[in-house]
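Visitor: Next up is a structure, given as structure tokens.
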Amino acid sequence: MRLSKISLAVAAGTLIQLFLYAPAAAGDCCRAAEGTETKLFDEVRTEGAAVPEARPVPVPTPLDARAERLADRESYADVFRVLKGDNPCSGFFGGPARAVTAFNDFERQLRARSFGAGATSIRMSGHYSVYTDKENGASYRLFDEAVINRDGPFISRASAARMHVGSFRANTRQARALMLLHELGHLIRGADGNWLLPNDGNDEALSDLNTKTVESHCEEQLLAIK
């Protein structure tokens with residue numbers, strides 16, 4: 001149950017991007033190629049670690065894929081299985097209950113539609129609202145819109161050719177899971193009050209570092225996805 005919701009405005013042109021190689025229009029997110037990075041706002045923040053759960057709390061149940069109209073059921077199931085367990089990956093996101101709480105709400109709004117062929121995989125845009133879960137202490141934000149590009153490397157094999165996300169070839173289950181986990185890191189608030197992954201802005205090196213940070217915590221669980 002959510003204790004609070006705070007709506008915050010995000011200026012046009014300072015939206016999430018995962019950018020690889022050629023610059024993309026503002027609002028594009030999650031691009032994949034040889035050398036992956038994420039562009040997230042112009043705001044500069046330092047990276048924080050999630051606060052561990054103080055006591056065992058129930059992990060939310062998986063979403064009903066059909067009822068929620070999930071954009072990619074397989075990827076949702078892969079990430080849910082990673083986050084529901086007590087492991088280094090879920091620990092990085094604050095523990096299973098907090099991680100799954102934020103991830104479930106993110107997936108509820110994530111939809112798939114075409115917005116042009118190319119390297120853009122996911123686009124999040126608009127205002128964002130901050131939520132706090134009363135039971136497990138999760139604090140996270142959600143944007144007005146979160147969209148997977150049907151013509152991008154998250155789905156399209158043609159767009160994913162020769163592209164990589166971290167150590168994984170694009171359009172693989174591991175790459176899609178890593179992209180979703182990267183975005184989740186930008187949504188969850190860390191121990192110091194900043195977002196768990198620092199905002200990338202136009203810093204391509206920091207974006208790539210963010211992907212590597214997530215992969216370093218989640219490598220074993222990503223490799224286990226079959």
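The way I read the labels, and the way they are meant: chains A, B, ... in the order of the structure tokens, residue 1 as the first residue of every chain, and ligand 1 as the first ligand shown, with later ones counted on from there.
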Please list as a PDB file with N, CA and C atoms, in the first residue's frame every residue within 10 Å of Leu70 (chain A), counting only C-alpha atoms and excluding residues in the same chain fewer than 3 positions away.

Guide:
```pdb
ATOM      1  N   LEU A  63       2.563 -10.185 -11.287  1.00  0.00           N
ATOM      2  CA  LEU A  63       1.404  -9.591 -11.944  1.00  0.00           C
ATOM      3  C   LEU A  63       0.725 -10.597 -12.862  1.00  0.00           C
ATOM      4  N   ASP A  64      -0.555 -10.422 -13.053  1.00  0.00           N
ATOM      5  CA  ASP A  64      -1.303 -11.202 -14.041  1.00  0.00           C
ATOM      6  C   ASP A  64      -0.993 -10.593 -15.405  1.00  0.00           C
ATOM      7  N   ALA A  65      -0.209 -11.290 -16.207  1.00  0.00           N
ATOM      8  CA  ALA A  65       0.291 -10.733 -17.463  1.00  0.00           C
ATOM      9  C   ALA A  65      -0.826 -10.279 -18.397  1.00  0.00           C
ATOM     10  N   ARG A  66      -1.898 -11.039 -18.477  1.00  0.00           N
ATOM     11  CA  ARG A  66      -2.991 -10.674 -19.389  1.00  0.00           C
ATOM     12  C   ARG A  66      -3.805  -9.519 -18.836  1.00  0.00           C
ATOM     13  N   ALA A  67      -4.115  -9.560 -17.564  1.00  0.00           N
ATOM     14  CA  ALA A  67      -4.925  -8.507 -16.960  1.00  0.00           C
ATOM     15  C   ALA A  67      -4.205  -7.165 -16.990  1.00  0.00           C
ATOM     16  N   ARG A  73       5.933 -10.210 -21.719  1.00  0.00           N
ATOM     17  CA  ARG A  73       5.688 -11.130 -20.603  1.00  0.00           C
ATOM     18  C   ARG A  73       6.937 -11.900 -20.212  1.00  0.00           C
ATOM     19  N   GLU A  74       7.712 -12.340 -21.196  1.00  0.00           N
ATOM     20  CA  GLU A  74       8.898 -13.133 -20.900  1.00  0.00           C
ATOM     21  C   GLU A  74       9.917 -12.316 -20.113  1.00  0.00           C
ATOM     22  N   SER A  75      10.157 -11.084 -20.544  1.00  0.00           N
ATOM     23  CA  SER A  75      11.125 -10.244 -19.846  1.00  0.00           C
ATOM     24  C   SER A  75      10.648  -9.911 -18.437  1.00  0.00           C
ATOM     25  N   TYR A  76       9.353  -9.658 -18.306  1.00  0.00           N
ATOM     26  CA  TYR A  76       8.824  -9.403 -16.960  1.00  0.00           C
ATOM     27  C   TYR A  76       9.076 -10.611 -16.058  1.00  0.00           C
ATOM     28  N   GLU A 107       6.192  -1.969 -14.493  1.00  0.00           N
ATOM     29  CA  GLU A 107       5.699  -2.847 -15.558  1.00  0.00           C
ATOM     30  C   GLU A 107       4.217  -2.615 -15.850  1.00  0.00           C
ATOM     31  N   ARG A 108       3.459  -2.204 -14.855  1.00  0.00           N
ATOM     32  CA  ARG A 108       2.033  -1.932 -15.079  1.00  0.00           C
ATOM     33  C   ARG A 108       1.829  -0.825 -16.103  1.00  0.00           C
ATOM     34  N   GLN A 109       2.744   0.125 -16.151  1.00  0.00           N
ATOM     35  CA  GLN A 109       2.583   1.244 -17.079  1.00  0.00           C
ATOM     36  C   GLN A 109       3.340   1.065 -18.382  1.00  0.00           C
ATOM     37  N   LEU A 110       4.276   0.122 -18.432  1.00  0.00           N
ATOM     38  CA  LEU A 110       5.107  -0.064 -19.620  1.00  0.00           C
ATOM     39  C   LEU A 110       4.289  -0.668 -20.759  1.00  0.00           C
ATOM     40  N   ARG A 111       4.303  -0.008 -21.907  1.00  0.00           N
ATOM     41  CA  ARG A 111       3.567  -0.468 -23.078  1.00  0.00           C
ATOM     42  C   ARG A 111       4.511  -0.549 -24.270  1.00  0.00           C
ATOM     43  N   ALA A 112       4.078  -1.210 -25.326  1.00  0.00           N
ATOM     44  CA  ALA A 112       4.888  -1.339 -26.539  1.00  0.00           C
ATOM     45  C   ALA A 112       4.167  -0.699 -27.715  1.00  0.00           C
TER      46      ALA A 112
END
```

Visitor: Counting only C-alpha atoms, what is within 9 Å of region 219-226 of chain A, bar same-chain residues fewer than 2 positions away, as an NGL selection string?

Guide: :A and (78-79 or 82 or 87-89 or 173-175 or 177-178 or 214-217)

Visitor: I need the residues in region 150-202 of chain A that are strand (DSSP E or B) according to DSSP; give them as a list in words.

Guide: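 Taking region 150-202 of chain A and keeping strand (DSSP E or B) only, one gets His164, Val165, Phe168, Arg169, Ile188, Arg189 and Trp195 of chain A.
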
Visitor: Restricting the output to N, CA and C atoms, write the selected residues as a PDB file, in the first residue's frame.

Guide:
```
ATOM      1  N   HIS A 164      25.050  -4.512 -28.443  1.00  0.00           N
ATOM      2  CA  HIS A 164      25.208  -5.150 -27.146  1.00  0.00           C
ATOM      3  C   HIS A 164      24.675  -4.251 -26.032  1.00  0.00           C
ATOM      4  N   VAL A 165      24.227  -4.878 -24.977  1.00  0.00           N
ATOM      5  CA  VAL A 165      23.836  -4.181 -23.748  1.00  0.00           C
ATOM      6  C   VAL A 165      24.729  -4.747 -22.662  1.00  0.00           C
ATOM      7  N   PHE A 168      26.068  -8.415 -22.938  1.00  0.00           N
ATOM      8  CA  PHE A 168      25.122  -9.297 -23.616  1.00  0.00           C
ATOM      9  C   PHE A 168      24.715  -8.762 -24.987  1.00  0.00           C
ATOM     10  N   ARG A 169      24.583  -9.678 -25.927  1.00  0.00           N
ATOM     11  CA  ARG A 169      24.104  -9.304 -27.248  1.00  0.00           C
ATOM     12  C   ARG A 169      22.662  -8.844 -27.166  1.00  0.00           C
ATOM     13  N   ILE A 188      14.366   3.862  -8.393  1.00  0.00           N
ATOM     14  CA  ILE A 188      14.381   3.594  -6.956  1.00  0.00           C
ATOM     15  C   ILE A 188      15.298   4.565  -6.226  1.00  0.00           C
ATOM     16  N   ARG A 189      14.814   5.052  -5.091  1.00  0.00           N
ATOM     17  CA  ARG A 189      15.600   5.970  -4.265  1.00  0.00           C
ATOM     18  C   ARG A 189      16.560   5.187  -3.381  1.00  0.00           C
ATOM     19  N   TRP A 195      18.474   8.934  -6.365  1.00  0.00           N
ATOM     20  CA  TRP A 195      18.071   7.743  -7.101  1.00  0.00           C
ATOM     21  C   TRP A 195      19.224   6.756  -7.097  1.00  0.00           C
TER      22      TRP A 195
END
```

Visitor: Could you pull out the alpha helix (DSSP H) residues of region 81-175 of chain A from DSSP and send them as a PyMOL selection string?

Guide: chain A and resi 81-84+88-92+96-109+157-160+173-175

Visitor: When you draw a straight line from CA of Arg162 (chain A) to CA of Ile148 (chain A), how long is it in Å?

Guide: 19.7 Å

Visitor: Give the answer as one residue: which of A:Ile155, A:Cys218, A:Leu196, A:Ala205 has the shortest atom-to-atom distance to Ser167 (chain A), using only C-alpha atoms?

Guide: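 Selected residue with least distance to Ser167 (chain A): A:Cys218.
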
Visitor: Measuring atom to atom with only C-alpha atoms, identify which of A:Ser114, A:Ser139, A:Thr211, A:Ser90 is nearest to Ala102 (chain A).

Guide: A:Ser139

Visitor: Please provide the set of residues having any atom within 9 Å of Ala138 (chain A), restricted to only C-alpha atoms, with same-chain residues fewer than 6 positions apart removed, written as a list of chain:residue names.

Guide: A:Gly94, A:Ala97, A:Arg98, A:Ala99, A:Thr101, A:Ala102, A:Tyr131, A:Thr132, A:Ile188, A:Arg189

Visitor: Next, dump the selected residues to file, keeping only C-alpha atoms, as a JSON list (two decimals), in the first residue's frame.

Guide:
```
[["chain", "number", "residue", "atom", "x", "y", "z"],
["A", 94, "GLY", "CA", 16.95, -2.62, -1.56],
["A", 97, "ALA", "CA", 10.09, -6.72, -1.39],
["A", 98, "ARG", "CA", 11.16, -3.19, -2.28],
["A", 99, "ALA", "CA", 12.58, -4.17, -5.66],
["A", 101, "THR", "CA", 7.14, -3.40, -5.49],
["A", 102, "ALA", "CA", 8.78, -0.78, -7.70],
["A", 131, "TYR", "CA", 5.72, 6.84, -4.24],
["A", 132, "THR", "CA", 6.52, 5.43, -0.80],
["A", 188, "ILE", "CA", 14.38, 3.59, -6.96],
["A", 189, "ARG", "CA", 15.60, 5.97, -4.27]]
```

Visitor: Figure out the distance between CA of Asn104 (chain A) and CA of Pro60 (chain A), please, to one decimal in Å.

Guide: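 Spanning CA of Pro60 (chain A) to CA of Asn104 (chain A) is a straight-line distance of 8.3 Å.
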
Visitor: Name the closest residue to Ala77 (chain A) among the candidates A:Pro62, A:Pro198, A:Pro96, A:Gly152; distances are taken between atoms, counting only C-alpha atoms.

Guide: A:Pro62

Visitor: Could you tell me which of A:Ala117, A:Ala170, A:Thr213, A:Leu187 comes closest to Val130 (chain A) if we count only C-alpha atoms?

Guide: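 Among the listed residues, A:Leu187 lies closest to Val130 (chain A).
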